[in-house]
Structures are given as structure tokens and as C-alpha cells.
Amino acid sequence: MEINLRDAFFKAFGYETDAFGPKFHVNPVQGDRALKRTEYGKYASSPYYAKDAVGREYYMPIEIQVGTDTIPGTNMTYAEALGVTDSSGAYSGRWNLPFPVISVELNKRFIDTDMTERNGMVSELINVQGFKVMVRGFLINKSANEFPEDDYTTLIRLVKLRIPVRVNNPMIDVLFIEPDSAIIGSGEREVTIRNLHFPERPGVKHVKPYQLELWKNENFNLIDLS
């Protein structure tokens, strides 16, 4: 069975993306030497490439990482609750979101006040709301034409952890840097999962779209005014 993910993405989310378009191998050269591609990001060594569930290499993976702390009131760690194991069978607390496409926006909030009997208005910057990350992708059963229960379960477990999670992604590494920090790349890469949405996709058992809304966590310093 063949799956046209580009067409499926358009039907699920209403716009086209080249993320699932045909891939052509290009071997760039400089003189008589082949150029090596960059494998890892500059700031936090997040990988530029990964392989999906069906063995296809893709660009810009999005890895979600939770800690190994124990969940309060239980004997289970957050990594165990996520339920993803590595090649050795140990709970890694890391999961590559399936077939992802990422977009990021930075929101500022203004209050505009019209000037009496004058042209224009006064715009007052109230705050910078921070980065909002949207991840859209597909949960695909890799063994048969059946509902992708395993990925659904992992995604629901992730959302129900109710804690900030870390995002490992080269673009996120760059965007979340604190520009006034003395150490490049020292910005936190933790996000809070604000929303999980499963759009309609009737008639296809094993390909189900998902959408995650993530917001960057901001650190606040309390100041003693006494």
C-alpha cells in the first residue's frame, strides 16, 4: 500500500508542505572533493537527521525528552511513565515525534490608544508572550493497515505527564537562546504542552494526523521589595 503523505497533510491541515515531497540524492562537490553534510546543530548538538518508523531518513527531527525524576507519590519515573525504551530495553525518556512538521512564532502583546483629534495612535508594548511551537504530523502503524495504537498511547502518556518537557531540535536550539547570556546556547529548551488535537481523517485506518501546541517556559526571578 502506498501513502501520499504530502496529500494527506494537505487534507488534514489545509496547506501544502514540501516536508513529505520526493527526495532526490544530491552529492555536492567542491573541486574534486565531496562536501560533508552537517549532522548536528551548532549550539546543543541536536541531530539534523533521523530515521522514521519505516526507515526513511528525514530532516529536522523533533525529540521530546523527559527526566528520570520520580513522579511525586509514586515509585515510577517520568521516563517510565512515557513508556519508550532504547535499544537496550531501558526507559530512555526520549521520543522522536512521528513524521513531524514544525513551525514557530513569537508573540508580542500591545495596547493601542487612539489620539484625540490627532492622527495615529500610541502603541504600548505590554509583554513578549514568548515562543509558540506548532508540531503537525502523522501517527502511522508500521506493521499493517491497522489503527496506530502504540503511538497514540505514547502521545497521550506524554500529554498526561503534566510537566514541562525538553525539546531537542536544531531550530529550537537557535531560537531559544538567551541573546544577552554570556554563554551561547544557555537558554532553556523546556516547553509546556498546551494543546493536543487530532484532526478528522476519515477512511484511513493506519494514518492519523496529530497537532501539538507547545509554549516555551519562561524563568521568573522574584524580587524582594521589602
# chains A, B, ... in the order shown; residues from 1 in each chain; ligands from 1

call {"tool": "residues_around", "arguments": {"residues": "Arg189 of chain A", "least_positions_apart": "2", "cutoff": "12 Å", "atoms": "only C-alpha atoms", "output": "PyMOL selection string"}}
result
chain A and resi 43-44+46+63-66+131+133+164-178+185-187+191-192+214-219

call {"tool": "residues_around", "arguments": {"residues": "Tyr91 of chain A", "least_positions_apart": "6", "cutoff": "12 Å", "atoms": "only C-alpha atoms", "output": "PDB file with N, CA and C atoms, in the first residue's frame"}}
result
ATOM      1  N   GLN A  65      12.014  15.059  25.361  1.00  0.00           N
ATOM      2  CA  GLN A  65      12.786  14.422  26.424  1.00  0.00           C
ATOM      3  C   GLN A  65      12.187  14.758  27.788  1.00  0.00           C
ATOM      4  N   VAL A  66      11.966  13.724  28.596  1.00  0.00           N
ATOM      5  CA  VAL A  66      11.520  13.913  29.975  1.00  0.00           C
ATOM      6  C   VAL A  66      12.602  13.392  30.905  1.00  0.00           C
ATOM      7  N   GLY A  67      12.566  13.841  32.134  1.00  0.00           N
ATOM      8  CA  GLY A  67      13.599  13.472  33.089  1.00  0.00           C
ATOM      9  C   GLY A  67      13.378  12.102  33.719  1.00  0.00           C
ATOM     10  N   THR A  68      14.323  11.709  34.549  1.00  0.00           N
ATOM     11  CA  THR A  68      14.244  10.423  35.247  1.00  0.00           C
ATOM     12  C   THR A  68      13.879  10.611  36.717  1.00  0.00           C
ATOM     13  N   MET A  76       7.391   5.460  40.293  1.00  0.00           N
ATOM     14  CA  MET A  76       7.658   5.439  38.860  1.00  0.00           C
ATOM     15  C   MET A  76       8.320   6.739  38.434  1.00  0.00           C
ATOM     16  N   THR A  77       9.291   6.640  37.531  1.00  0.00           N
ATOM     17  CA  THR A  77       9.929   7.839  36.992  1.00  0.00           C
ATOM     18  C   THR A  77       9.121   8.364  35.820  1.00  0.00           C
ATOM     19  N   TYR A  78       9.381   9.627  35.474  1.00  0.00           N
ATOM     20  CA  TYR A  78       8.713  10.205  34.308  1.00  0.00           C
ATOM     21  C   TYR A  78       9.091   9.453  33.033  1.00  0.00           C
ATOM     22  N   ALA A  79      10.326   8.995  32.948  1.00  0.00           N
ATOM     23  CA  ALA A  79      10.756   8.235  31.773  1.00  0.00           C
ATOM     24  C   ALA A  79       9.984   6.925  31.660  1.00  0.00           C
ATOM     25  N   GLU A  80       9.766   6.255  32.789  1.00  0.00           N
ATOM     26  CA  GLU A  80       8.996   5.009  32.770  1.00  0.00           C
ATOM     27  C   GLU A  80       7.545   5.273  32.386  1.00  0.00           C
ATOM     28  N   ALA A  81       6.990   6.388  32.870  1.00  0.00           N
ATOM     29  CA  ALA A  81       5.599   6.724  32.549  1.00  0.00           C
ATOM     30  C   ALA A  81       5.425   6.995  31.064  1.00  0.00           C
ATOM     31  N   LEU A  82       6.457   7.571  30.435  1.00  0.00           N
ATOM     32  CA  LEU A  82       6.385   7.791  28.994  1.00  0.00           C
ATOM     33  C   LEU A  82       6.359   6.470  28.243  1.00  0.00           C
ATOM     34  N   GLY A  83       7.094   5.485  28.763  1.00  0.00           N
ATOM     35  CA  GLY A  83       6.996   4.127  28.243  1.00  0.00           C
ATOM     36  C   GLY A  83       7.805   3.826  27.012  1.00  0.00           C
ATOM     37  N   VAL A  84       8.802   4.654  26.674  1.00  0.00           N
ATOM     38  CA  VAL A  84       9.623   4.424  25.489  1.00  0.00           C
ATOM     39  C   VAL A  84      10.978   3.875  25.917  1.00  0.00           C
ATOM     40  N   THR A  85      11.406   2.785  25.303  1.00  0.00           N
ATOM     41  CA  THR A  85      12.678   2.164  25.660  1.00  0.00           C
ATOM     42  C   THR A  85      13.688   2.326  24.525  1.00  0.00           C
TER      43      THR A  85
END

call {"tool": "atom_distance", "arguments": {"atom1": "atom CA of Ile193 of chain A", "atom2": "atom CA of Tyr210 of chain A"}}
result
13.3 Å

call {"tool": "select_by_dssp", "arguments": {"residues": "segment 111-223 of chain A", "states": "helix (DSSP H, G or I)", "output": "count of residues only"}}
result
18

call {"tool": "closest_residue", "arguments": {"among": "A:Ala8, A:Met134, A:Ala53, A:Ile163", "to": "Pro98 of chain A", "atoms": "only C-alpha atoms"}}
result
A:Ala53

call {"tool": "closest_residue", "arguments": {"among": "A:Gly93, A:Lys160, A:Phe147, A:Glu213", "to": "Arg201 of chain A", "atoms": "only C-alpha atoms"}}
result
A:Phe147
